[in-house]
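This is coords_9.tsv (TSV, C-alpha atoms and all ligand atoms).
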chain	number	residue	atom	x	y	z
K	1	MET	CA	0.00	0.00	0.00
K	2	ASN	CA	1.19	3.51	-0.79
K	3	ARG	CA	0.97	5.27	2.58
K	4	THR	CA	0.91	8.78	1.10
K	5	ALA	CA	-2.01	7.91	-1.14
K	6	SER	CA	-3.67	6.23	1.82
K	7	THR	CA	-3.38	9.35	3.99
K	8	ARG	CA	-4.83	11.50	1.22
K	9	SER	CA	-7.86	9.26	0.74
K	10	GLN	CA	-8.45	9.00	4.52
K	11	ALA	CA	-8.67	12.79	4.71
K	12	ARG	CA	-11.58	12.73	2.30
K	13	TRP	CA	-13.39	9.65	3.53
K	14	THR	CA	-17.07	9.82	4.47
K	15	PRO	CA	-19.71	7.07	4.26
K	16	ASP	CA	-20.47	8.44	0.79
K	17	SER	CA	-17.03	7.14	-0.22
K	18	ILE	CA	-18.24	3.55	0.24
K	19	GLY	CA	-18.54	1.80	-3.09
K	20	ASP	CA	-21.15	-0.60	-4.37
K	21	LEU	CA	-21.50	-3.45	-1.88
K	22	ARG	CA	-23.98	-5.51	-3.88
K	23	GLY	CA	-22.96	-9.15	-3.75
K	24	ARG	CA	-21.35	-8.79	-0.32
K	25	THR	CA	-22.76	-10.03	2.96
K	26	ALA	CA	-22.12	-8.30	6.28
K	27	LEU	CA	-22.99	-9.73	9.69
K	28	ILE	CA	-23.17	-7.22	12.54
K	29	THR	CA	-23.54	-8.25	16.18
K	30	GLY	CA	-25.65	-5.99	18.38
K	31	ALA	CA	-27.22	-4.55	15.25
K	32	ASN	CA	-30.58	-3.63	16.77
K	33	SER	CA	-29.31	-0.49	18.50
K	34	GLY	CA	-26.85	2.41	18.47
K	35	VAL	CA	-23.64	2.07	16.49
K	36	GLY	CA	-24.52	-1.38	15.16
K	37	LEU	CA	-27.89	-0.26	13.82
K	38	GLU	CA	-26.28	2.69	12.07
K	39	THR	CA	-23.57	0.42	10.62
K	40	ALA	CA	-26.31	-1.86	9.29
K	41	ARG	CA	-28.21	1.08	7.80
K	42	VAL	CA	-25.24	2.40	5.86
K	43	LEU	CA	-23.92	-0.97	4.65
K	44	ALA	CA	-27.41	-1.97	3.49
K	45	GLY	CA	-27.80	1.46	1.87
K	46	HIS	CA	-24.76	0.66	-0.27
K	47	GLY	CA	-26.30	-2.61	-1.41
K	48	ALA	CA	-24.81	-5.13	1.03
K	49	ARG	CA	-26.95	-7.96	2.27
K	50	VAL	CA	-26.89	-7.43	6.03
K	51	ILE	CA	-27.51	-10.02	8.71
K	52	LEU	CA	-28.51	-8.20	11.88
K	53	ALA	CA	-27.57	-10.30	14.90
K	54	GLY	CA	-28.98	-9.65	18.34
K	55	ARG	CA	-30.31	-11.41	21.38
K	56	SER	CA	-33.94	-10.34	21.05
K	57	ARG	CA	-36.04	-11.43	18.09
K	58	GLU	CA	-38.49	-8.63	18.86
K	59	LYS	CA	-35.83	-5.89	18.93
K	60	LEU	CA	-34.34	-7.24	15.70
K	61	GLY	CA	-37.77	-7.05	14.08
K	62	THR	CA	-38.20	-3.43	15.19
K	63	ALA	CA	-34.74	-2.56	13.81
K	64	VAL	CA	-35.50	-4.16	10.45
K	65	ASP	CA	-38.83	-2.31	10.25
K	66	ALA	CA	-37.04	0.99	10.97
K	67	LEU	CA	-34.39	0.35	8.31
K	68	ARG	CA	-36.98	-0.77	5.73
K	69	ALA	CA	-39.08	2.34	6.41
K	70	ASP	CA	-36.18	4.36	4.96
K	71	ARG	CA	-35.10	1.86	2.37
K	72	PRO	CA	-37.74	-0.71	1.39
K	73	ASP	CA	-35.36	-2.57	-0.94
K	74	ALA	CA	-32.71	-3.13	1.78
K	75	ARG	CA	-31.51	-6.76	1.88
K	76	LEU	CA	-31.86	-7.53	5.58
K	77	GLU	CA	-31.97	-10.75	7.56
K	78	THR	CA	-31.86	-11.42	11.26
K	79	LEU	CA	-30.05	-13.88	13.47
K	80	VAL	CA	-30.80	-14.53	17.11
K	81	LEU	CA	-27.45	-14.55	18.89
K	82	ASP	CA	-26.90	-14.16	22.62
K	83	LEU	CA	-23.20	-13.55	23.16
K	84	GLY	CA	-23.70	-14.33	26.83
K	85	SER	CA	-24.50	-17.97	26.05
K	86	LEU	CA	-22.08	-20.44	24.47
K	87	ALA	CA	-25.08	-22.59	23.49
K	88	SER	CA	-26.69	-19.69	21.60
K	89	ILE	CA	-23.36	-18.84	19.95
K	90	ALA	CA	-22.82	-22.45	18.86
K	91	GLU	CA	-26.36	-22.72	17.50
K	92	ALA	CA	-26.15	-19.44	15.56
K	93	ALA	CA	-22.67	-20.17	14.20
K	94	ALA	CA	-23.59	-23.72	13.16
K	95	ALA	CA	-26.61	-22.50	11.18
K	96	LEU	CA	-24.40	-20.03	9.32
K	97	ALA	CA	-21.39	-22.32	8.90
K	98	GLU	CA	-23.43	-24.79	6.83
K	99	ARG	CA	-24.48	-22.42	4.09
K	100	GLU	CA	-23.27	-18.84	4.38
K	101	THR	CA	-20.49	-16.79	2.90
K	102	ILE	CA	-19.71	-13.76	5.06
K	103	ASP	CA	-17.49	-11.04	3.67
K	104	LEU	CA	-17.67	-8.64	6.62
K	105	LEU	CA	-18.08	-9.64	10.23
K	106	VAL	CA	-18.55	-6.67	12.55
K	107	ASN	CA	-18.12	-7.70	16.18
K	108	ASN	CA	-19.98	-4.70	17.56
K	109	ALA	CA	-22.22	-5.79	20.46
K	110	GLY	CA	-21.29	-4.69	23.92
K	111	VAL	CA	-22.32	-3.92	27.47
K	112	MET	CA	-20.76	-1.31	29.74
K	113	ASN	CA	-20.77	-0.18	33.35
K	114	VAL	CA	-22.77	-3.11	34.72
K	115	PRO	CA	-23.13	-1.97	38.34
K	116	ASP	CA	-22.47	-5.25	40.12
K	117	ARG	CA	-20.60	-8.40	39.17
K	118	ARG	CA	-22.99	-10.49	37.10
K	119	THR	CA	-22.32	-13.57	35.03
K	120	THR	CA	-23.25	-14.97	31.64
K	121	ALA	CA	-25.17	-18.23	31.23
K	122	ASP	CA	-21.81	-20.01	31.38
K	123	GLY	CA	-20.62	-18.24	34.52
K	124	PHE	CA	-18.24	-15.74	32.90
K	125	GLU	CA	-18.14	-12.20	34.26
K	126	LEU	CA	-20.82	-10.52	32.14
K	127	THR	CA	-18.87	-7.66	30.52
K	128	PHE	CA	-15.75	-9.66	29.66
K	129	GLY	CA	-17.89	-12.68	28.78
K	130	THR	CA	-20.11	-10.76	26.37
K	131	ASN	CA	-17.73	-8.26	24.85
K	132	HIS	CA	-14.70	-10.51	24.41
K	133	LEU	CA	-15.38	-14.21	25.06
K	134	GLY	CA	-18.70	-14.18	23.20
K	135	HIS	CA	-17.14	-12.59	20.14
K	136	PHE	CA	-14.09	-14.88	20.38
K	137	ALA	CA	-16.31	-17.98	20.29
K	138	PHE	CA	-18.61	-16.58	17.61
K	139	THR	CA	-15.74	-15.60	15.31
K	140	ALA	CA	-14.26	-19.08	15.70
K	141	GLY	CA	-17.66	-20.60	14.87
K	142	VAL	CA	-18.18	-18.59	11.69
K	143	LEU	CA	-14.65	-19.09	10.29
K	144	PRO	CA	-15.94	-21.44	7.55
K	145	THR	CA	-18.26	-18.67	6.30
K	146	LEU	CA	-15.38	-16.16	6.21
K	147	ARG	CA	-13.12	-18.61	4.39
K	148	ARG	CA	-15.69	-18.96	1.61
K	149	ALA	CA	-15.47	-15.23	0.84
K	150	GLU	CA	-13.06	-13.99	-1.80
K	151	THR	CA	-11.73	-11.59	0.82
K	152	ALA	CA	-13.15	-11.39	4.33
K	153	ARG	CA	-12.66	-8.78	7.02
K	154	VAL	CA	-13.33	-9.08	10.75
K	155	VAL	CA	-13.92	-5.70	12.38
K	156	THR	CA	-14.04	-5.67	16.17
K	157	VAL	CA	-15.39	-2.60	17.95
K	158	SER	CA	-13.26	-1.60	20.93
K	159	ALA	CA	-13.21	1.71	22.83
K	160	LEU	CA	-10.81	4.38	24.07
K	161	ALA	CA	-11.16	2.58	27.43
K	162	ALA	CA	-8.90	-0.15	25.97
K	163	ALA	CA	-5.94	2.11	26.80
K	164	TRP	CA	-6.85	2.63	30.46
K	165	PRO	CA	-4.38	1.16	32.98
K	166	SER	CA	-7.31	-0.60	34.68
K	167	GLY	CA	-7.78	-2.59	31.48
K	168	ALA	CA	-4.67	-4.72	32.07
K	169	LEU	CA	-5.45	-8.31	31.15
K	170	THR	CA	-5.08	-9.78	34.62
K	171	ASP	CA	-7.93	-11.14	36.76
K	172	LEU	CA	-9.89	-11.42	33.49
K	173	GLN	CA	-13.12	-12.37	35.21
K	174	SER	CA	-12.82	-9.71	37.92
K	175	GLU	CA	-12.94	-12.44	40.58
K	176	GLN	CA	-10.50	-10.71	42.91
K	177	ARG	CA	-11.96	-7.23	42.51
K	178	TYR	CA	-14.92	-6.03	40.46
K	179	GLY	CA	-15.12	-2.52	39.06
K	180	SER	CA	-17.78	-1.88	36.43
K	181	MET	CA	-15.56	0.26	34.24
K	182	SER	CA	-12.38	-1.75	34.77
K	183	ALA	CA	-14.30	-4.85	33.63
K	184	TYR	CA	-15.30	-2.83	30.55
K	185	ALA	CA	-11.72	-1.63	29.96
K	186	LYS	CA	-10.41	-5.22	30.20
K	187	SER	CA	-13.00	-6.40	27.68
K	188	LYS	CA	-12.14	-3.56	25.29
K	189	ARG	CA	-8.39	-4.15	25.58
K	190	ALA	CA	-9.12	-7.81	24.90
K	191	ASN	CA	-10.97	-6.75	21.71
K	192	VAL	CA	-7.77	-5.06	20.48
K	193	VAL	CA	-5.37	-7.79	21.63
K	194	PHE	CA	-7.68	-10.42	20.07
K	195	THR	CA	-7.63	-8.49	16.79
K	196	GLN	CA	-3.85	-8.21	16.82
K	197	GLU	CA	-3.46	-11.95	17.41
K	198	LEU	CA	-6.08	-12.82	14.77
K	199	ALA	CA	-4.30	-10.50	12.32
K	200	ARG	CA	-1.00	-12.32	12.95
K	201	ARG	CA	-2.71	-15.65	12.40
K	202	VAL	CA	-4.46	-14.71	9.13
K	203	GLU	CA	-1.60	-12.67	7.64
K	204	GLY	CA	-1.09	-13.70	4.01
K	205	THR	CA	-4.56	-15.26	3.68
K	206	THR	CA	-7.78	-13.90	2.22
K	207	MET	CA	-8.87	-12.78	5.70
K	208	SER	CA	-7.93	-9.65	7.59
K	209	ALA	CA	-8.69	-8.45	11.10
K	210	VAL	CA	-8.98	-4.85	12.25
K	211	ALA	CA	-10.23	-3.05	15.34
K	212	VAL	CA	-11.86	0.33	15.78
K	213	HIS	CA	-12.94	2.65	18.52
K	214	PRO	CA	-16.01	4.79	17.82
K	215	GLY	CA	-15.14	7.75	20.02
K	216	SER	CA	-18.21	8.39	22.13
K	217	ALA	CA	-21.90	8.68	21.41
K	218	VAL	CA	-25.07	8.61	23.44
K	219	THR	CA	-26.63	5.19	22.86
K	220	ASN	CA	-28.22	2.50	25.00
K	221	LEU	CA	-24.70	1.63	26.17
K	222	GLN	CA	-25.09	4.13	29.01
K	223	ARG	CA	-28.26	2.41	30.27
K	224	HIS	CA	-26.52	1.14	33.39
K	225	SER	CA	-25.31	4.63	34.31
K	226	GLN	CA	-27.94	5.18	36.96
K	227	GLY	CA	-28.48	7.84	39.57
K	228	VAL	CA	-29.04	11.54	39.34
K	229	VAL	CA	-25.36	12.47	39.11
K	230	ALA	CA	-24.61	9.99	36.34
K	231	ARG	CA	-27.70	11.04	34.39
K	232	MET	CA	-26.81	14.73	34.75
K	233	ALA	CA	-23.22	14.03	33.69
K	234	ILE	CA	-24.45	12.23	30.58
K	235	ALA	CA	-26.85	15.07	29.79
K	236	VAL	CA	-24.00	17.59	30.02
K	237	LEU	CA	-21.62	15.35	28.08
K	238	ARG	CA	-24.26	14.78	25.43
K	239	ARG	CA	-24.35	18.49	24.72
K	240	ALA	CA	-20.64	19.10	25.18
K	241	VAL	CA	-18.62	16.28	23.69
K	242	MET	CA	-20.52	13.12	22.92
K	243	GLY	CA	-21.30	12.44	19.30
K	244	SER	CA	-24.16	10.71	17.54
K	245	PRO	CA	-24.43	7.01	16.69
K	246	GLU	CA	-24.23	8.13	13.05
K	247	GLY	CA	-20.75	9.61	13.54
K	248	ALA	CA	-19.68	6.84	15.91
K	249	ALA	CA	-20.35	4.27	13.17
K	250	TRP	CA	-17.87	5.89	10.78
K	251	PRO	CA	-14.81	3.99	12.08
K	252	SER	CA	-16.64	0.64	11.72
K	253	LEU	CA	-17.84	1.57	8.25
K	254	TYR	CA	-14.40	2.74	7.21
K	255	ALA	CA	-12.72	-0.35	8.63
K	256	ALA	CA	-15.24	-2.64	6.95
K	257	THR	CA	-15.07	-1.10	3.50
K	258	SER	CA	-12.03	1.08	2.82
K	259	PRO	CA	-9.34	-0.37	0.54
K	260	ASP	CA	-6.79	1.59	2.61
K	261	VAL	CA	-7.38	-0.51	5.70
K	262	VAL	CA	-4.52	-2.83	6.61
K	263	ASN	CA	-4.57	-6.18	8.43
K	264	GLY	CA	-3.99	-5.51	12.13
K	265	GLY	CA	-4.99	-1.83	11.81
K	266	TYR	CA	-6.74	0.14	14.55
K	267	TYR	CA	-8.93	3.08	13.53
K	268	GLY	CA	-10.85	5.82	15.27
K	269	PRO	CA	-12.28	9.29	14.67
K	270	ALA	CA	-9.63	11.83	13.69
K	271	GLY	CA	-11.07	14.85	15.57
K	272	THR	CA	-8.88	16.20	18.37
K	273	ASP	CA	-11.48	15.00	20.90
K	274	GLN	CA	-11.39	11.59	19.13
K	275	THR	CA	-15.18	11.51	19.15
K	276	SER	CA	-15.91	12.62	15.63
K	277	GLY	CA	-14.40	13.10	12.25
K	278	THR	CA	-12.96	11.12	9.40
K	279	PRO	CA	-11.54	7.83	10.63
K	280	LYS	CA	-7.78	7.47	10.71
K	281	PRO	CA	-5.27	5.06	12.24
K	282	ALA	CA	-5.55	5.35	16.03
K	283	LYS	CA	-2.88	4.91	18.66
K	284	LEU	CA	-2.88	1.31	19.85
K	285	PRO	CA	-3.04	0.76	23.61
K	286	ARG	CA	0.46	0.28	24.99
K	287	GLY	CA	1.67	-3.32	24.63
K	288	ALA	CA	-1.39	-4.46	22.65
K	289	THR	CA	0.76	-5.69	19.77
K	290	ASP	CA	2.87	-7.91	22.04
K	291	PRO	CA	2.58	-11.44	20.60
K	292	ALA	CA	3.08	-12.92	24.07
K	293	GLU	CA	0.00	-11.09	25.39
K	294	GLY	CA	-1.97	-12.14	22.30
K	295	ALA	CA	-1.00	-15.78	22.73
K	296	ARG	CA	-1.87	-15.70	26.44
K	297	LEU	CA	-5.32	-14.22	25.81
K	298	TRP	CA	-5.93	-16.69	22.99
K	299	ARG	CA	-5.01	-19.74	25.12
K	300	GLU	CA	-7.13	-18.52	28.02
K	301	SER	CA	-10.10	-17.71	25.75
K	302	GLU	CA	-9.91	-21.19	24.20
K	303	ARG	CA	-9.67	-22.77	27.65
K	304	LEU	CA	-12.62	-20.85	29.05
K	305	THR	CA	-14.94	-21.23	26.06
K	306	GLY	CA	-13.81	-24.73	25.03
K	307	VAL	CA	-13.70	-23.41	21.47
K	308	GLN	CA	-10.74	-24.30	19.25
K	309	PHE	CA	-9.81	-21.60	16.77
K	310	THR	CA	-8.51	-23.23	13.61
K	311	VAL	CA	-6.38	-20.36	12.31
E	1	LIG	N1	-21.51	4.62	22.56
E	1	LIG	C1	-20.26	4.92	22.87
E	1	LIG	O1	-19.94	6.02	23.32
E	1	LIG	C2	-19.18	3.90	22.67
E	1	LIG	C3	-17.87	4.27	22.96
E	1	LIG	C4	-16.87	3.36	22.81
E	1	LIG	C5	-17.16	2.08	22.35
E	1	LIG	N2	-18.44	1.74	22.08
E	1	LIG	C6	-18.69	0.35	21.63
E	1	LIG	O2	-19.60	0.37	20.55
E	1	LIG	C7	-20.30	-0.88	20.53
E	1	LIG	C8	-21.77	-0.62	20.31
E	1	LIG	O3	-22.27	0.06	21.45
E	1	LIG	P1	-23.44	1.14	21.36
E	1	LIG	O4	-22.90	2.40	21.89
E	1	LIG	O5	-24.07	1.12	20.04
E	1	LIG	O6	-24.42	0.56	22.49
E	1	LIG	P2	-25.91	-0.01	22.42
E	1	LIG	O7	-26.81	0.96	21.72
E	1	LIG	O8	-26.25	-0.40	23.81
E	1	LIG	O9	-25.77	-1.30	21.52
E	1	LIG	C9	-25.18	-2.46	22.03
E	1	LIG	C10	-25.70	-3.65	21.29
E	1	LIG	O10	-25.10	-4.83	21.85
E	1	LIG	C11	-26.13	-5.76	22.11
E	1	LIG	N3	-25.83	-6.73	23.13
E	1	LIG	C12	-25.58	-6.52	24.44
E	1	LIG	N4	-25.44	-7.71	25.07
E	1	LIG	C13	-25.59	-8.68	24.12
E	1	LIG	C14	-25.57	-10.08	24.14
E	1	LIG	N5	-25.39	-10.80	25.26
E	1	LIG	N6	-25.76	-10.75	22.98
E	1	LIG	C15	-25.97	-10.08	21.83
E	1	LIG	N7	-26.04	-8.75	21.74
E	1	LIG	C16	-25.84	-8.06	22.89
E	1	LIG	C17	-27.32	-4.89	22.52
E	1	LIG	O11	-28.51	-5.67	22.47
E	1	LIG	P3	-29.77	-5.30	23.42
E	1	LIG	O12	-30.46	-4.16	22.74
E	1	LIG	O13	-30.56	-6.56	23.41
E	1	LIG	O14	-29.22	-4.93	24.76
E	1	LIG	C18	-27.23	-3.81	21.45
E	1	LIG	O15	-27.77	-4.26	20.25
E	1	LIG	C19	-19.96	-1.59	21.84
E	1	LIG	O16	-19.00	-2.59	21.60
E	1	LIG	C20	-19.36	-0.49	22.69
E	1	LIG	O17	-18.43	-0.98	23.64
E	1	LIG	C21	-19.45	2.62	22.21

Please render this file's structure as structure tokens.
Ligand SMILES: NC(=O)c1ccc[n+]([C@@H]2O[C@H](COP(=O)([O-])OP(=O)(O)OC[C@H]3O[C@@H](n4cnc5c(N)ncnc54)[C@H](OP(=O)(O)O)[C@@H]3O)[C@@H](O)[C@H]2O)c1
Amino acid sequence: MNRTASTRSQARWTPDSIGDLRGRTALITGANSGVGLETARVLAGHGARVILAGRSREKLGTAVDALRADRPDARLETLVLDLGSLASIAEAAAALAERETIDLLVNNAGVMNVPDRRTTADGFELTFGTNHLGHFAFTAGVLPTLRRAETARVVTVSALAAAWPSGALTDLQSEQRYGSMSAYAKSKRANVVFTQELARRVEGTTMSAVAVHPGSAVTNLQRHSQGVVARMAIAVLRRAVMGSPEGAAWPSLYAATSPDVVNGGYYGPAGTDQTSGTPKPAKLPRGATDPAEGARLWRESERLTGVQFTV
């Protein structure tokens, strides 16, 4: 890739830069809300067939109705997928693995700031279990569908929180000490470290793996931020610095579709506040490219989920 040319085209990129996606299939997790819903809207608007994955059939139906209201010819399908249940993940992945070709997998779903330590159906700490382990197991399960594509890209949605010191990948399940935002930071660092390791493993193949952070936007993600002070803070932030789901989807859209994107890349909004603007390469959290950390997380994720990743 010519890096000068790449920088020039990044400066101009908007969702209007996305080419014709007819003939391509995108699967987006957590597509019924927020950033995922917007990602689905834009990809479908450019002709992609989009599989909206989410844990509630009803919410998925509402999302499809909303998207079709704007664009009746959108090619939309739904998939029930609860990332907090290995059984649901295995069932969803098996149904796809038999018949599908997926060109773009967007690992977008997430939970944040869960006030007390809760667990998934399999006993994993909820935030780490959903945001990282669920996506780890699901990506492993849909590998056959990605291999069928001429070129396939896995985009995993992280967050600026990935760089927080509290996100160090120790005590992964917050068994020794639970903090709602440190559990989130761990899960988001894991999203980046997972992507780096996947990128190393698929280098030279038809697959690539990239991560993004969306900056910040008011979505349902803040639903656990309860109490008067938290609600007031969000109201102030909403006006002052937080962006819209539309803008927050730009990094995912860029990472999923731009020819300038490189395997192992990490992208985020270019604005000085990092919450809006044309996506550009973002600063990776310190140490996230360390192969030893990637290998450790991989081994532990395989051990916990019982899923073998065949890349
Ligand atoms: N908004 C921000 O400021 C911000 C900043 C940095 C990073 N991010 C990242 O952006 C991504 C999207 O978040 P968002 O802001 O769009 O939040 P959102 O509106 O709450 O959307 C999150 C999506 O994830 C789904 N989800 C949660 N648990 C799930 C599970 N067990 N199985 C399947 N789906 C599940 C939700 O489904 P339900 O509707 O059923 O709950 C929803 O569709 C997340 O990875 C988040 O960490 C967001």

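Proximity of K:Leu60, K:Ala44, K:Val193, K:Ala97 to ligand LIG 1 (chain E), computed with only C-alpha atoms and all ligand atoms, is greatest for K:Leu60.
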
Determine, for each residue of chain K having at least one atom at most 6 Å from an atom of ligand LIG 1 (chain E), the closest pair of atoms and their separation in Å to one decimal, counting all atoms listed in the file; order by chain and ascending number, as a Markdown table.
| residue | atom | partner | partner_atom | distance |
| --- | --- | --- | --- | --- |
| K:Gly30 | CA | E:LIG1 | O15 | 3.3 |
| K:Ala31 | CA | E:LIG1 | O15 | 5.0 |
| K:Asn32 | CA | E:LIG1 | O15 | 4.5 |
| K:Ser33 | CA | E:LIG1 | O7 | 4.3 |
| K:Gly34 | CA | E:LIG1 | O5 | 3.4 |
| K:Val35 | CA | E:LIG1 | O5 | 3.7 |
| K:Gly36 | CA | E:LIG1 | O5 | 5.5 |
| K:Gly54 | CA | E:LIG1 | N7 | 4.6 |
| K:Arg55 | CA | E:LIG1 | C15 | 4.6 |
| K:Ser56 | CA | E:LIG1 | O13 | 5.6 |
| K:Leu81 | CA | E:LIG1 | C15 | 5.6 |
| K:Asp82 | CA | E:LIG1 | N6 | 3.6 |
| K:Leu83 | CA | E:LIG1 | N6 | 3.8 |
| K:Gly84 | CA | E:LIG1 | N5 | 4.2 |
| K:Asn108 | CA | E:LIG1 | O16 | 4.7 |
| K:Ala109 | CA | E:LIG1 | O10 | 3.3 |
| K:Gly110 | CA | E:LIG1 | O16 | 3.9 |
| K:Val111 | CA | E:LIG1 | C12 | 5.2 |
| K:Thr130 | CA | E:LIG1 | N5 | 5.4 |
| K:Val157 | CA | E:LIG1 | O16 | 5.1 |
| K:Ser158 | CA | E:LIG1 | C5 | 5.5 |
| K:Ala159 | CA | E:LIG1 | C5 | 4.0 |
| K:His213 | CA | E:LIG1 | C5 | 5.7 |
| K:Pro214 | CA | E:LIG1 | C4 | 5.3 |
| K:Gly215 | CA | E:LIG1 | C3 | 5.3 |
| K:Ser216 | CA | E:LIG1 | O1 | 3.2 |
| K:Ala217 | CA | E:LIG1 | O1 | 3.8 |
| K:Val218 | CA | E:LIG1 | N1 | 5.4 |
| K:Thr219 | CA | E:LIG1 | O7 | 4.4 |
| K:Asn220 | CA | E:LIG1 | O8 | 3.7 |
| K:Leu221 | CA | E:LIG1 | O8 | 3.5 |

Restricting it to C-alpha atoms, dump the selection as a PDB file, in the frame of the given file.
ATOM      1  CA  GLY K  30     -25.650  -5.990  18.380  1.00  0.00           C
ATOM      2  CA  ALA K  31     -27.220  -4.550  15.250  1.00  0.00           C
ATOM      3  CA  ASN K  32     -30.580  -3.630  16.770  1.00  0.00           C
ATOM      4  CA  SER K  33     -29.310  -0.490  18.500  1.00  0.00           C
ATOM      5  CA  GLY K  34     -26.850   2.410  18.470  1.00  0.00           C
ATOM      6  CA  VAL K  35     -23.640   2.070  16.490  1.00  0.00           C
ATOM      7  CA  GLY K  36     -24.520  -1.380  15.160  1.00  0.00           C
ATOM      8  CA  GLY K  54     -28.980  -9.650  18.340  1.00  0.00           C
ATOM      9  CA  ARG K  55     -30.310 -11.410  21.380  1.00  0.00           C
ATOM     10  CA  SER K  56     -33.940 -10.340  21.050  1.00  0.00           C
ATOM     11  CA  LEU K  81     -27.450 -14.550  18.890  1.00  0.00           C
ATOM     12  CA  ASP K  82     -26.900 -14.160  22.620  1.00  0.00           C
ATOM     13  CA  LEU K  83     -23.200 -13.550  23.160  1.00  0.00           C
ATOM     14  CA  GLY K  84     -23.700 -14.330  26.830  1.00  0.00           C
ATOM     15  CA  ASN K 108     -19.980  -4.700  17.560  1.00  0.00           C
ATOM     16  CA  ALA K 109     -22.220  -5.790  20.460  1.00  0.00           C
ATOM     17  CA  GLY K 110     -21.290  -4.690  23.920  1.00  0.00           C
ATOM     18  CA  VAL K 111     -22.320  -3.920  27.470  1.00  0.00           C
ATOM     19  CA  THR K 130     -20.110 -10.760  26.370  1.00  0.00           C
ATOM     20  CA  VAL K 157     -15.390  -2.600  17.950  1.00  0.00           C
ATOM     21  CA  SER K 158     -13.260  -1.600  20.930  1.00  0.00           C
ATOM     22  CA  ALA K 159     -13.210   1.710  22.830  1.00  0.00           C
ATOM     23  CA  HIS K 213     -12.940   2.650  18.520  1.00  0.00           C
ATOM     24  CA  PRO K 214     -16.010   4.790  17.820  1.00  0.00           C
ATOM     25  CA  GLY K 215     -15.140   7.750  20.020  1.00  0.00           C
ATOM     26  CA  SER K 216     -18.210   8.390  22.130  1.00  0.00           C
ATOM     27  CA  ALA K 217     -21.900   8.680  21.410  1.00  0.00           C
ATOM     28  CA  VAL K 218     -25.070   8.610  23.440  1.00  0.00           C
ATOM     29  CA  THR K 219     -26.630   5.190  22.860  1.00  0.00           C
ATOM     30  CA  ASN K 220     -28.220   2.500  25.000  1.00  0.00           C
ATOM     31  CA  LEU K 221     -24.700   1.630  26.170  1.00  0.00           C
TER      32      LEU K 221
END

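When only C-alpha atoms are used to compute distances to K:Asp260, the closest of the residues K:Ala288, K:Val210, K:Ala137, K:Val114 turns out to be K:Val210.
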
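Here atom CA of K:Glu246 stands at a distance of 19.5 Å from atom CA of K:Met112.
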
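Pairwise distance (atom CA of K:Thr257, atom CA of K:Ile51) equals 16.2 Å.
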
Protein/DNA/RNA residues near (-24.2, -24.0, 14.2), cut 12 Å, all atoms listed in the file, as number ranges by chain
K: 79-81, 86-100, 137-145

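The space between atom CA of K:Ala209 and atom CA of K:Ala63 spans 26.8 Å.
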
Write out as a PyMOL selection string each polymer residue whose atoms come within 9 Å of stretch 174-178 of chain K, counting all atoms listed in the file; drop sequence neighbours fewer than 2 positions from it.
chain K and resi 116-117+125+128+170-172+180-183

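In terms of minimum interatomic distance to K:Val192, K:Gly294 ranks closest within K:Gly129, K:Arg118, K:Gly294, K:Pro165, counting only C-alpha atoms.
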
Would you place a box with edges along x, y and z of the file around all atoms of stretch 73-79 of chain K listed there, add 8 Å to each of its six sides, and report the centre and edge lengths in Å to one decimal, as JSON?
{"center_x": -32.7, "center_y": -8.2, "center_z": 6.3, "size_x": 21.3, "size_y": 27.3, "size_z": 30.4}

Expected residue set, 9 Å radius at (-14.5, -1.5, 2.9), all atoms listed in the file, as a ChimeraX atom specification:
/K:18-19,21,104,153,253-261

Given the choices K:Lys280, K:Arg75, K:Arg68, K:Arg147, which gets closest to K:Arg22 if the distance is worked out from only C-alpha atoms?
K:Arg75

Determine the nearest neighbour of K:Pro285 from the options K:Ala168, K:Val202, K:Val262, K:Ala162, counting all atoms listed in the file.
K:Ala162

Closest of K:Thr305, K:Ser85, K:Ser252, K:Ser244 to K:Thr275 - atom-to-atom distances counting only C-alpha atoms
K:Ser244
